[in-house]
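Have a look at start32.txt below; it lists compact mmCIF, C-alpha atoms and all ligand atoms.
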# COMPACT_ATOMS: atom_id res chain seq x y z
CA MET A 1 100.50 78.39 122.00
CA SER A 2 103.50 76.63 120.36
CA ILE A 3 103.18 75.80 116.67
CA MET A 4 105.00 73.42 114.32
CA LEU A 5 105.71 75.12 111.00
CA GLY A 6 106.81 72.06 109.12
CA GLU A 7 109.80 71.00 111.21
CA LEU A 8 110.30 74.42 112.80
CA GLU A 9 108.77 74.87 116.23
CA ILE A 10 107.83 78.40 117.24
CA SER A 11 106.47 79.37 120.64
CA HIS A 12 103.48 81.46 119.44
CA PRO A 13 102.05 82.77 116.14
CA ILE A 14 103.51 86.31 116.12
CA MET A 15 106.62 86.35 113.92
CA VAL A 16 108.40 89.30 112.33
CA GLY A 17 108.70 89.42 108.52
CA ALA A 18 111.67 90.52 106.41
CA GLY A 19 112.42 94.26 106.25
CA PRO A 20 114.45 97.14 107.75
CA TRP A 21 113.25 96.12 111.27
CA SER A 22 115.41 92.95 110.80
CA ARG A 23 118.34 94.66 109.07
CA ASN A 24 121.15 93.71 111.50
CA ALA A 25 121.87 92.18 114.90
CA ALA A 26 120.65 95.22 116.86
CA SER A 27 117.24 95.42 115.16
CA ILE A 28 116.73 91.64 115.15
CA GLN A 29 117.58 91.61 118.88
CA LYS A 30 114.86 94.22 119.47
CA CYS A 31 112.29 92.05 117.64
CA ILE A 32 113.31 89.11 119.88
CA ASP A 33 113.33 91.17 123.08
CA TYR A 34 109.86 92.56 122.30
CA GLY A 35 108.57 89.00 122.00
CA ALA A 36 108.62 87.78 118.36
CA SER A 37 108.53 83.97 118.13
CA ALA A 38 110.68 84.09 114.99
CA VAL A 39 112.38 86.81 112.99
CA VAL A 40 112.95 86.72 109.24
CA THR A 41 116.05 88.72 108.26
CA GLU A 42 116.02 91.35 105.57
CA THR A 43 116.70 89.46 102.32
CA ILE A 44 120.34 88.40 102.04
CA THR A 45 121.87 88.25 98.55
CA LEU A 46 125.39 87.58 97.26
CA ASP A 47 126.19 91.29 97.03
CA ALA A 48 125.26 94.05 99.45
CA HIS A 49 122.63 96.37 97.97
CA PRO A 50 123.26 100.11 98.26
CA THR A 51 120.17 101.86 99.62
CA LEU A 52 118.46 104.84 97.98
CA CYS A 53 117.65 107.90 100.10
CA PRO A 54 114.82 108.38 100.70
CA HIS A 55 113.52 104.82 100.44
CA ILE A 56 110.39 104.79 102.59
CA TYR A 57 107.36 106.93 101.77
CA ALA A 58 104.23 107.23 103.94
CA GLN A 59 101.04 108.62 102.50
CA ASP A 60 97.67 108.39 104.28
CA GLN A 61 97.38 104.69 105.24
CA HIS A 62 99.77 103.64 102.49
CA ILE A 63 103.44 102.70 102.87
CA PHE A 64 105.76 102.53 99.86
CA ASN A 65 109.43 101.63 99.71
CA THR A 66 112.29 101.36 97.27
CA LYS A 67 114.52 99.36 99.63
CA LEU A 68 115.68 96.33 97.66
CA PHE A 69 117.25 93.58 99.79
CA SER A 70 119.89 93.84 102.52
CA ASP A 71 122.66 96.43 102.43
CA LEU A 72 125.00 94.06 104.30
CA HIS A 73 127.48 91.60 102.78
CA LEU A 74 127.18 87.91 103.54
CA GLU A 75 130.38 88.18 105.65
CA GLN A 76 128.82 91.04 107.63
CA TRP A 77 125.74 88.87 108.22
CA GLU A 78 127.99 86.19 109.69
CA ARG A 79 129.30 88.72 112.23
CA GLU A 80 125.79 90.10 112.93
CA ILE A 81 124.22 86.69 113.52
CA LYS A 82 126.93 85.75 116.03
CA ARG A 83 125.93 88.78 118.14
CA ILE A 84 122.25 87.80 118.42
CA ASP A 85 120.90 86.23 121.62
CA LYS A 86 118.04 84.21 120.13
CA LYS A 87 116.49 83.23 123.50
CA GLU A 88 113.39 81.16 122.63
CA SER A 89 113.06 82.80 119.22
CA LYS A 90 113.95 81.32 115.83
CA LEU A 91 116.09 83.09 113.23
CA ILE A 92 114.98 82.63 109.65
CA CYS A 93 117.31 83.94 106.96
CA SER A 94 115.58 85.34 103.90
CA ILE A 95 117.65 84.74 100.75
CA TRP A 96 117.33 85.75 97.12
CA GLY A 97 119.47 84.57 94.21
CA SER A 98 119.27 84.78 90.44
CA SER A 99 120.14 81.13 89.75
CA ALA A 100 119.72 77.73 91.38
CA SER A 101 123.44 77.54 92.19
CA GLU A 102 123.34 81.01 93.77
CA VAL A 103 120.39 80.21 96.07
CA SER A 104 121.91 76.87 96.98
CA TYR A 105 125.22 78.60 97.92
CA LEU A 106 123.38 81.23 99.97
CA ALA A 107 121.27 78.57 101.69
CA SER A 108 124.35 76.53 102.73
CA LYS A 109 126.10 79.64 103.93
CA VAL A 110 123.24 80.94 106.13
CA SER A 111 122.65 77.46 107.48
CA GLN A 112 126.33 77.31 108.56
CA ILE A 113 126.24 80.74 110.21
CA GLY A 114 123.24 80.05 112.47
CA ALA A 115 119.91 80.19 110.60
CA ASP A 116 117.19 77.96 112.09
CA GLY A 117 115.29 78.16 108.82
CA ILE A 118 115.35 79.75 105.38
CA GLU A 119 112.75 81.91 103.68
CA LEU A 120 113.23 81.82 99.91
CA SER A 121 112.35 85.17 98.38
CA LEU A 122 111.26 84.74 94.77
CA PHE A 123 109.58 88.01 94.07
CA SER A 124 110.29 91.63 94.77
CA PRO A 125 107.99 94.43 93.65
CA ILE A 126 111.09 96.59 93.15
CA GLY A 127 113.21 96.41 90.01
CA THR A 128 112.77 93.97 87.14
CA ARG A 129 115.62 91.48 87.54
CA ASN A 130 113.58 88.63 88.96
CA ARG A 131 110.69 88.86 86.49
CA MET A 132 112.02 85.83 84.66
CA ILE A 133 111.86 83.78 87.85
CA VAL A 134 108.22 84.46 88.61
CA ASP A 135 107.24 84.07 84.98
CA GLN A 136 108.52 80.49 84.88
CA SER A 137 107.18 78.15 87.51
CA GLU A 138 109.76 75.49 86.55
CA LYS A 139 112.49 77.92 87.71
CA ILE A 140 110.79 78.21 91.10
CA ILE A 141 110.75 74.42 91.40
CA GLU A 142 114.41 74.23 90.32
CA PHE A 143 115.38 76.77 93.02
CA ILE A 144 113.44 74.86 95.68
CA ALA A 145 115.09 71.57 94.67
CA ALA A 146 118.54 73.20 94.82
CA ILE A 147 117.97 74.57 98.33
CA ARG A 148 116.46 71.35 99.68
CA HIS A 149 119.45 69.47 98.30
CA ALA A 150 121.90 71.95 99.86
CA VAL A 151 120.51 72.20 103.42
CA HIS A 152 118.56 70.21 105.97
CA ILE A 153 117.01 73.12 107.86
CA PRO A 154 113.31 74.03 107.25
CA VAL A 155 112.59 76.05 104.09
CA ILE A 156 109.69 78.49 103.76
CA VAL A 157 108.86 79.90 100.32
CA LYS A 158 107.65 83.52 100.25
CA LEU A 159 104.91 84.12 97.71
CA SER A 160 103.62 87.19 95.98
CA TYR A 161 99.89 87.86 95.69
CA GLU A 162 99.96 86.64 92.07
CA ILE A 163 101.72 83.34 92.85
CA GLY A 164 99.84 82.73 96.11
CA THR A 165 96.46 82.89 94.39
CA ASP A 166 97.52 80.71 91.43
CA PRO A 167 96.39 77.13 92.23
CA PHE A 168 98.61 75.66 89.50
CA VAL A 169 101.88 77.11 90.84
CA THR A 170 101.04 76.57 94.52
CA LYS A 171 100.28 72.89 93.83
CA GLN A 172 103.67 72.56 92.11
CA ILE A 173 105.33 74.17 95.14
CA TYR A 174 103.62 71.65 97.44
CA ASP A 175 104.57 68.77 95.14
CA SER A 176 108.21 69.93 95.27
CA GLY A 177 108.22 69.06 98.99
CA ILE A 178 107.65 72.52 100.47
CA ARG A 179 105.21 72.44 103.38
CA VAL A 180 105.25 76.07 104.60
CA VAL A 181 104.84 79.31 102.66
CA SER A 182 104.64 82.95 103.68
CA ALA A 183 102.40 85.36 101.79
CA ILE A 184 102.33 88.07 100.66
CA ASP A 185 105.23 90.23 99.62
CA GLY A 186 104.52 93.91 98.87
CA LEU A 187 102.64 94.81 95.71
CA LYS A 188 104.10 96.99 92.98
CA GLY A 189 102.96 100.58 93.57
CA LEU A 190 103.56 104.27 92.95
CA SER A 191 103.04 106.73 95.78
CA ASP A 192 101.66 109.81 94.09
CA VAL A 193 101.99 112.43 91.38
CA ASN A 194 102.85 116.00 92.34
CA VAL A 195 100.49 117.88 90.06
CA GLU A 196 102.31 121.20 90.48
CA THR A 197 105.70 119.85 89.36
CA GLN A 198 104.02 117.24 87.13
CA SER A 199 106.35 114.54 88.38
CA VAL A 200 106.16 111.39 90.44
CA LYS A 201 107.04 111.56 94.13
CA MET A 202 108.86 108.21 94.16
CA PRO A 203 111.44 108.01 91.37
CA THR A 204 110.68 104.34 90.56
CA TYR A 205 108.05 101.66 91.16
CA GLY A 206 108.17 100.59 94.79
CA GLY A 207 106.77 98.03 97.20
CA PHE A 208 103.27 98.94 98.35
CA THR A 209 102.60 97.56 101.86
CA GLY A 210 100.72 98.22 105.09
CA ASP A 211 97.02 98.26 106.00
CA SER A 212 95.89 98.87 102.42
CA ILE A 213 97.13 95.48 101.16
CA ARG A 214 95.38 93.42 103.86
CA PRO A 215 92.41 92.50 101.59
CA MET A 216 94.80 91.00 98.99
CA ALA A 217 96.77 89.17 101.67
CA LEU A 218 93.56 87.82 103.28
CA ALA A 219 92.39 86.56 99.88
CA THR A 220 95.77 84.88 99.35
CA THR A 221 95.61 83.12 102.74
CA ALA A 222 92.09 81.86 102.02
CA ALA A 223 93.01 80.75 98.48
CA LEU A 224 96.12 78.93 99.71
CA LYS A 225 94.07 77.17 102.38
CA GLN A 226 91.36 76.20 99.90
CA ASN A 227 93.71 75.13 97.08
CA THR A 228 96.59 73.44 98.92
CA SER A 229 97.68 71.62 102.10
CA LEU A 230 100.48 74.15 102.65
CA GLN A 231 100.94 75.73 106.09
CA ILE A 232 100.81 79.51 105.91
CA CYS A 233 102.59 82.40 107.60
CA SER A 234 100.32 85.26 106.62
CA VAL A 235 101.81 88.71 106.11
CA GLY A 236 100.20 91.88 104.85
CA GLY A 237 98.64 94.85 106.61
CA ILE A 238 98.65 93.50 110.16
CA SER A 239 98.45 96.40 112.61
CA HIS A 240 95.98 95.07 115.25
CA TYR A 241 95.41 91.78 117.06
CA THR A 242 92.01 91.38 115.34
CA HIS A 243 93.88 91.26 112.00
CA VAL A 244 95.91 88.34 113.37
CA LEU A 245 92.68 86.62 114.44
CA GLY A 246 91.24 87.14 110.95
CA TYR A 247 94.23 85.42 109.33
CA LEU A 248 94.13 82.55 111.85
CA MET A 249 90.39 82.10 111.24
CA LEU A 250 91.11 81.84 107.50
CA GLY A 251 93.55 79.03 108.26
CA ALA A 252 96.93 80.73 108.81
CA ASP A 253 99.32 78.90 111.13
CA ALA A 254 101.28 82.02 112.07
CA VAL A 255 101.61 85.65 110.98
CA GLN A 256 104.46 88.03 110.25
CA LEU A 257 104.40 91.69 111.31
CA ALA A 258 106.13 94.07 108.91
CA SER A 259 105.28 97.73 108.04
CA VAL A 260 103.53 98.20 111.39
CA ILE A 261 106.93 97.93 113.11
CA GLN A 262 108.26 100.66 110.81
CA THR A 263 105.34 102.98 111.64
CA HIS A 264 104.72 102.09 115.32
CA GLY A 265 108.08 100.84 116.61
CA PHE A 266 109.13 97.46 118.06
CA GLU A 267 106.73 97.80 121.05
CA ILE A 268 103.83 96.89 118.74
CA ILE A 269 105.06 93.27 118.75
CA THR A 270 104.45 92.98 122.52
CA LYS A 271 101.11 94.80 122.25
CA ILE A 272 99.67 92.61 119.47
CA LYS A 273 100.98 89.42 121.11
CA GLY A 274 99.48 90.38 124.52
CA GLU A 275 96.11 91.41 123.11
CA LEU A 276 95.85 88.20 121.07
CA SER A 277 96.61 86.09 124.18
CA ARG A 278 94.01 87.95 126.24
CA TRP A 279 91.31 87.59 123.55
CA LEU A 280 91.91 83.84 123.45
CA GLU A 281 92.12 83.48 127.24
CA VAL A 282 88.87 85.33 127.96
CA ARG A 283 87.03 83.03 125.54
CA HIS A 284 88.88 79.88 126.64
CA TYR A 285 89.93 79.28 123.02
CA SER A 286 93.08 77.53 121.92
CA LEU A 287 94.64 78.39 118.56
CA GLU A 288 93.32 75.07 117.24
CA ASP A 289 89.75 76.07 118.17
CA ILE A 290 89.82 79.09 115.87
CA ARG A 291 92.22 78.04 113.10
CA GLY A 292 90.25 78.01 109.82
CA SER A 293 86.95 78.64 111.67
CA ALA A 294 85.82 81.35 109.19
CA LEU A 295 86.58 79.35 106.05
CA SER A 296 83.22 77.57 105.92
CA SER A 297 81.52 80.99 105.55
CA LEU A 298 83.57 81.73 102.41
CA LEU A 299 81.67 80.30 99.45
CA PRO A 300 82.33 80.15 95.72
CA PHE A 301 80.52 83.04 94.03
CA GLU A 302 78.52 80.58 91.91
CA ASP A 303 77.06 78.94 95.06
CA LEU A 304 75.53 82.19 96.34
CA LYS A 305 71.82 82.61 95.64
CA PRO A 306 70.53 86.14 94.92
CA GLN A 307 68.22 87.27 97.76
CA PRO A 308 65.60 90.01 97.44
CA LEU A 309 66.80 92.41 100.16
CA ILE A 310 66.24 96.15 100.50
CA ALA A 311 67.52 98.84 102.88
CA ALA A 312 65.56 99.80 105.98
CA ILE A 313 66.09 102.36 108.78
CA SER A 314 66.05 101.48 112.47
CA ASP A 315 65.76 105.06 113.71
CA CYS A 316 65.07 108.21 111.68
CA GLU A 317 67.10 110.58 113.91
CA CYS A 318 69.98 111.43 111.57
CA LEU A 319 72.51 114.22 111.43
CA PRO A 320 71.40 116.47 108.53
CA GLU A 321 75.04 117.16 107.62
CA CYS A 322 75.90 113.47 107.26
CA GLN A 323 74.10 112.42 104.05
CA LYS A 324 76.61 109.64 103.38
CA CYS A 325 73.85 107.19 102.46
CA THR A 326 71.97 109.60 100.18
CA ALA A 327 75.17 110.49 98.29
CA ALA A 328 76.05 106.83 97.75
CA CYS A 329 72.56 105.78 96.61
CA LEU A 330 72.86 105.98 92.82
CA TYR A 331 69.12 105.33 92.30
CA ASP A 332 67.73 107.97 94.74
CA ALA A 333 66.10 105.31 96.91
CA ILE A 334 67.24 107.21 100.04
CA SER A 335 66.29 110.83 100.57
CA TYR A 336 66.65 113.25 103.43
CA GLY A 337 63.78 115.70 103.90
CA ALA A 338 62.20 116.18 107.31
CA SER A 339 63.75 112.81 108.07
CA LEU A 340 65.49 109.96 106.26
CA THR A 341 63.16 107.95 104.04
CA ILE A 342 63.65 104.95 101.79
CA GLU A 343 61.62 104.29 98.66
CA PRO A 344 61.57 100.44 98.48
CA SER A 345 60.71 100.33 94.78
CA LEU A 346 63.98 102.20 93.93
CA CYS A 347 66.29 100.21 96.26
CA VAL A 348 68.33 97.44 94.60
CA GLY A 349 69.68 96.10 97.92
CA CYS A 350 73.35 96.84 97.11
CA GLY A 351 74.11 97.32 100.83
CA ILE A 352 76.60 100.20 100.64
CA CYS A 353 74.40 102.54 102.73
CA VAL A 354 74.48 99.99 105.57
CA ASP A 355 78.29 100.02 105.60
CA LEU A 356 78.62 103.80 105.17
CA CYS A 357 76.18 104.84 107.95
CA PRO A 358 78.42 106.03 110.83
CA CYS A 359 75.56 105.45 113.33
CA HIS A 360 74.65 101.92 112.11
CA LYS A 361 71.00 102.91 111.57
CA LEU A 362 70.52 101.13 108.26
CA PHE A 363 70.17 97.40 107.63
CA LEU A 364 68.88 95.06 104.94
CA VAL A 365 65.51 93.27 105.19
CA TRP A 366 63.59 90.83 103.01
CA GLN A 367 61.58 92.62 100.35
C1 LIG A 401 110.69 98.93 103.77
C2 LIG A 401 110.38 97.48 103.49
C3 LIG A 401 111.39 96.59 103.17
C4 LIG A 401 111.11 95.24 102.93
N1 LIG A 401 112.14 94.38 102.65
C5 LIG A 401 111.88 93.07 102.42
C6 LIG A 401 112.92 92.16 102.18
O1 LIG A 401 114.12 92.47 102.24
N2 LIG A 401 112.58 90.87 101.89
C7 LIG A 401 111.27 90.43 101.86
O2 LIG A 401 111.02 89.24 101.60
N3 LIG A 401 110.26 91.29 102.13
C8 LIG A 401 110.53 92.58 102.40
N4 LIG A 401 109.51 93.45 102.66
C9 LIG A 401 108.12 92.96 102.60
C10 LIG A 401 107.57 92.55 103.98
O3 LIG A 401 108.29 91.48 104.54
C11 LIG A 401 106.08 92.16 103.86
O4 LIG A 401 105.96 91.02 103.03
C12 LIG A 401 105.24 93.28 103.26
O5 LIG A 401 105.66 94.51 103.80
C13 LIG A 401 103.75 93.09 103.55
O6 LIG A 401 103.47 93.16 104.91
P1 LIG A 401 102.93 94.54 105.60
O7 LIG A 401 101.78 94.99 104.78
O8 LIG A 401 102.52 94.12 107.00
O9 LIG A 401 104.07 95.49 105.60
C14 LIG A 401 109.76 94.79 102.95
C15 LIG A 401 108.75 95.70 103.27
C16 LIG A 401 109.04 97.02 103.56
C17 LIG A 401 107.92 97.96 103.92

Structure encoded using structure tokens:
Amino acid sequence: MSIMLGELEISHPIMVGAGPWSRNAASIQKCIDYGASAVVTETITLDAHPTLCPHIYAQDQHIFNTKLFSDLHLEQWEREIKRIDKKESKLICSIWGSSASEVSYLASKVSQIGADGIELSLFSPIGTRNRMIVDQSEKIIEFIAAIRHAVHIPVIVKLSYEIGTDPFVTKQIYDSGIRVVSAIDGLKGLSDVNVETQSVKMPTYGGFTGDSIRPMALATTAALKQNTSLQICSVGGISHYTHVLGYLMLGADAVQLASVIQTHGFEIITKIKGELSRWLEVRHYSLEDIRGSALSSLLPFEDLKPQPLIAAISDCECLPECQKCTAACLYDAISYGASLTIEPSLCVGCGICVDLCPCHKLFLVWQ
């Protein structure tokens, strides 16, 4: 299952992304021991960043955080990295700097202290200091040039949803010599408003991550694959091996697990890796057989031809208390009397009833 990410060879596609699960030697060692092919450190900056308490908020399926960068000094990182037994795994140091000279200094430093690769963080959903970097693509290119000049180890550029789906910027990144990107970082979010106290739960904008951002991350992977020749480490909302398969089928070369480790513990790395292997083995597929296999089914909107379809029912035995389809039908095409009936002349073929039916009794047919 080994994969070449540019010049970095990893033994399988399940990596671990940057975050509190890769905060120091002990947590990085756990990621390695539980089977990650590569671990990206929490983002290292020139100064240690004091951490707010609390800094992680969980609400329904959503995860929010106000944890900006690593709380360890560069010198502490040197000591931490020395303690790690990398085994077969690769250590990728995530770095963030506010100027080209700062990122080039950080890159040289982490390369000297044992990084096998660098992930350049350009964007953080928390705080406002790096807005000027993402607003100016020439700054991104300047940073990349500075790092490539400073070190000879592989460099991955981490993209936000906005940058990853922008064909102009991603082409410039490719033209600057970068061959591998990771995407996406968290989105900017707010957890909730307490209506009794009339105040926000999280005291500042935070990173919004986890299952809920998978659709944006999937779209970014597909857009990157369609717009560029970049290799992609997909990250965003992966909590199950089928999510990994989805990213691979959209053309990802590898994936990074993140929030799922925070919510399910390090064991999830072994579980997802094992289940992915078994799925491939049973079907006698190699990674190459499935990589990008779903892309041909993703068409430009303009190429899709409207088809006259309407809803139909396979079996009228419904639970009277369900009524999910009748509630969602804005044009009263579905009604529940003695049984479920569909009035074809009122159905516009939107398809939502098909997806909402818990018993899969509805489908679309030609009018
Ligand atoms: C608590 C927390 C801290 C994070 N810290 C970093 C970081 O230091 N550097 C970075 O590039 N990404 C960081 N991330 C973003 C993740 O690496 C990842 O891009 C994002 O969480 C999306 O993946 P997910 O939906 O699977 O969590 C952090 C995410 C969380 C939840």

(message) Which residues are near ligand LIG 401 (chain A) in this structure, taking near to mean any atom at most 8 Å from a ligand atom and counting all atoms listed in the file? Format them as a PyMOL selection string.
(response) chain A and resi 17-20+41-44+55-56+63-70+94+119-121+123-124+158+183-186+207-214+235-239+256-260+262

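For the residues A:Ile310, A:Asp332, A:Lys86, A:Val181, ranking by smallest atom-to-atom distance to Trp366 of chain A using only C-alpha atoms places A:Ile310 first.
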
(message) Measuring between all atoms listed in the file, which one of A:Ser27, A:Trp279, A:Asp47, A:Pro308 shows the shortest distance to Glu102 of chain A?
(response)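 Ranking A:Ser27, A:Trp279, A:Asp47, A:Pro308 by distance to Glu102 of chain A, first place goes to A:Asp47.
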
(message) Just checking: using all atoms listed in the file, which residue out of A:Ile163, A:Ala145, A:Val151, A:Cys357 ends up closest to Ser314 of chain A?
(response)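 Counting all atoms listed in the file, the residue closest to Ser314 of chain A is A:Cys357.
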
(request) Give the answer as one residue: which of A:Leu330, A:Leu362, A:Met15, A:Ile178 has the shortest atom-to-atom distance to Val348 of chain A, using only C-alpha atoms? (result)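 Closest candidate: A:Leu330.
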
(message) For a quick check of understanding, using all atoms listed in the file, which of A:His152, A:Lys273, A:Arg179, A:His243 has the smallest distance to Thr228 of chain A?
(response)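 Result for the nearest residue to Thr228 of chain A: A:Arg179.
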
(message) At a cut-off of 12 Å, using all atoms listed in the file, what residues contact Ile113 of chain A? Leave out same-chain residues fewer than 6 positions from it and give the result as a list in words.
(response)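 Close residues of Ile113 of chain A: Leu74, Glu75, Gln76, Trp77, Glu78, Arg79, Glu80, Ile81, Lys82, Arg83, Ile84, Leu91, Ile92, Cys93, Leu106 and Ala107 of chain A.
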
(message) Here is a test: counting only C-alpha atoms, which residue of A:Ile32, A:Leu304, A:Cys359, A:Ser296 is nearest to Leu319 of chain A?
(response) A:Cys359

(request) State, in Å with one decimal place, the distance from atom CA of Ile232 of chain A to atom CA of Ser98 of chain A. (result) 24.7 Å

(request) Tell me, in Å to one decimal, how far atom CA of Glu288 of chain A is from atom CA of Glu88 of chain A. (result) 21.7 Å

(request) Do a neighbour search on Pro300 of chain A at 12 Å with only C-alpha atoms, toss out local chain neighbours closer than 5 positions, and write the hits as a ChimeraX atom specification. (result) /A:222-223,226,295,305

For Met202 of chain A, find every residue with an atom within 7 Å (counting all atoms listed in the file), except residues of its own chain fewer than 2 positions away, and show them as a compact mmCIF listing (two decimals) with C-alpha atoms, in the frame of the given file.
# COMPACT_ATOMS: atom_id res chain seq x y z
CA LEU A 190 103.56 104.27 92.95
CA SER A 191 103.04 106.73 95.78
CA VAL A 200 106.16 111.39 90.44
CA THR A 204 110.68 104.34 90.56

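Using all atoms listed in the file, the residues found no farther than 12 Å from Ser137 of chain A, other than those of its own chain fewer than 3 positions away, are Leu122, Arg131, Met132, Ile133, Val134, Ile140, Ile141, Glu142, Phe143, Ile144, Ile163, Asp166, Pro167, Phe168, Val169, Thr170, Lys171, Gln172, Ile173 and Ser176 of chain A.
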
(request) Have a look at atom CA of His149 of chain A and atom CA of Ser104 of chain A and let me know their distance in Å, one decimal. (result) 7.9 Å

Missing atoms of segment 318-334 of chain A rebuilt to N, CA and C atoms, written as a short mmCIF file (atom, residue, chain, number, x, y, z; two decimals), keeping the file's coordinate frame:
data_model
loop_
_atom_site.label_atom_id
_atom_site.label_comp_id
_atom_site.auth_asym_id
_atom_site.auth_seq_id
_atom_site.Cartn_x
_atom_site.Cartn_y
_atom_site.Cartn_z
N CYS A 318 68.68 111.38 112.23
CA CYS A 318 69.98 111.43 111.57
C CYS A 318 70.58 112.82 111.67
N LEU A 319 71.88 112.91 111.49
CA LEU A 319 72.51 114.22 111.43
C LEU A 319 72.31 114.77 110.03
N PRO A 320 71.68 115.95 109.87
CA PRO A 320 71.40 116.47 108.53
C PRO A 320 72.67 116.63 107.70
N GLU A 321 73.81 116.92 108.38
CA GLU A 321 75.04 117.16 107.62
C GLU A 321 75.72 115.86 107.18
N CYS A 322 75.21 114.73 107.61
CA CYS A 322 75.90 113.47 107.26
C CYS A 322 75.68 113.12 105.79
N GLN A 323 74.49 112.67 105.46
CA GLN A 323 74.10 112.42 104.05
C GLN A 323 75.01 111.43 103.31
N LYS A 324 75.73 110.61 104.05
CA LYS A 324 76.61 109.64 103.38
C LYS A 324 75.80 108.65 102.57
N CYS A 325 74.66 108.21 103.14
CA CYS A 325 73.85 107.19 102.46
C CYS A 325 73.16 107.77 101.23
N THR A 326 72.68 109.01 101.33
CA THR A 326 71.97 109.60 100.18
C THR A 326 72.94 109.83 99.02
N ALA A 327 74.18 110.25 99.35
CA ALA A 327 75.17 110.49 98.29
C ALA A 327 75.54 109.20 97.58
N ALA A 328 75.59 108.09 98.35
CA ALA A 328 76.05 106.83 97.75
C ALA A 328 74.93 106.08 97.04
N CYS A 329 73.67 106.50 97.25
CA CYS A 329 72.56 105.78 96.61
C CYS A 329 72.39 106.30 95.19
N LEU A 330 72.84 105.52 94.22
CA LEU A 330 72.86 105.98 92.82
C LEU A 330 71.45 106.06 92.23
N TYR A 331 70.48 105.40 92.89
CA TYR A 331 69.12 105.33 92.30
C TYR A 331 68.11 106.16 93.09
N ASP A 332 68.58 107.06 93.95
CA ASP A 332 67.73 107.97 94.74
C ASP A 332 66.71 107.24 95.59
N ALA A 333 67.04 106.03 96.05
CA ALA A 333 66.10 105.31 96.91
C ALA A 333 66.08 105.91 98.32
N ILE A 334 67.19 106.60 98.71
CA ILE A 334 67.24 107.21 100.04
C ILE A 334 67.20 108.72 99.88
#
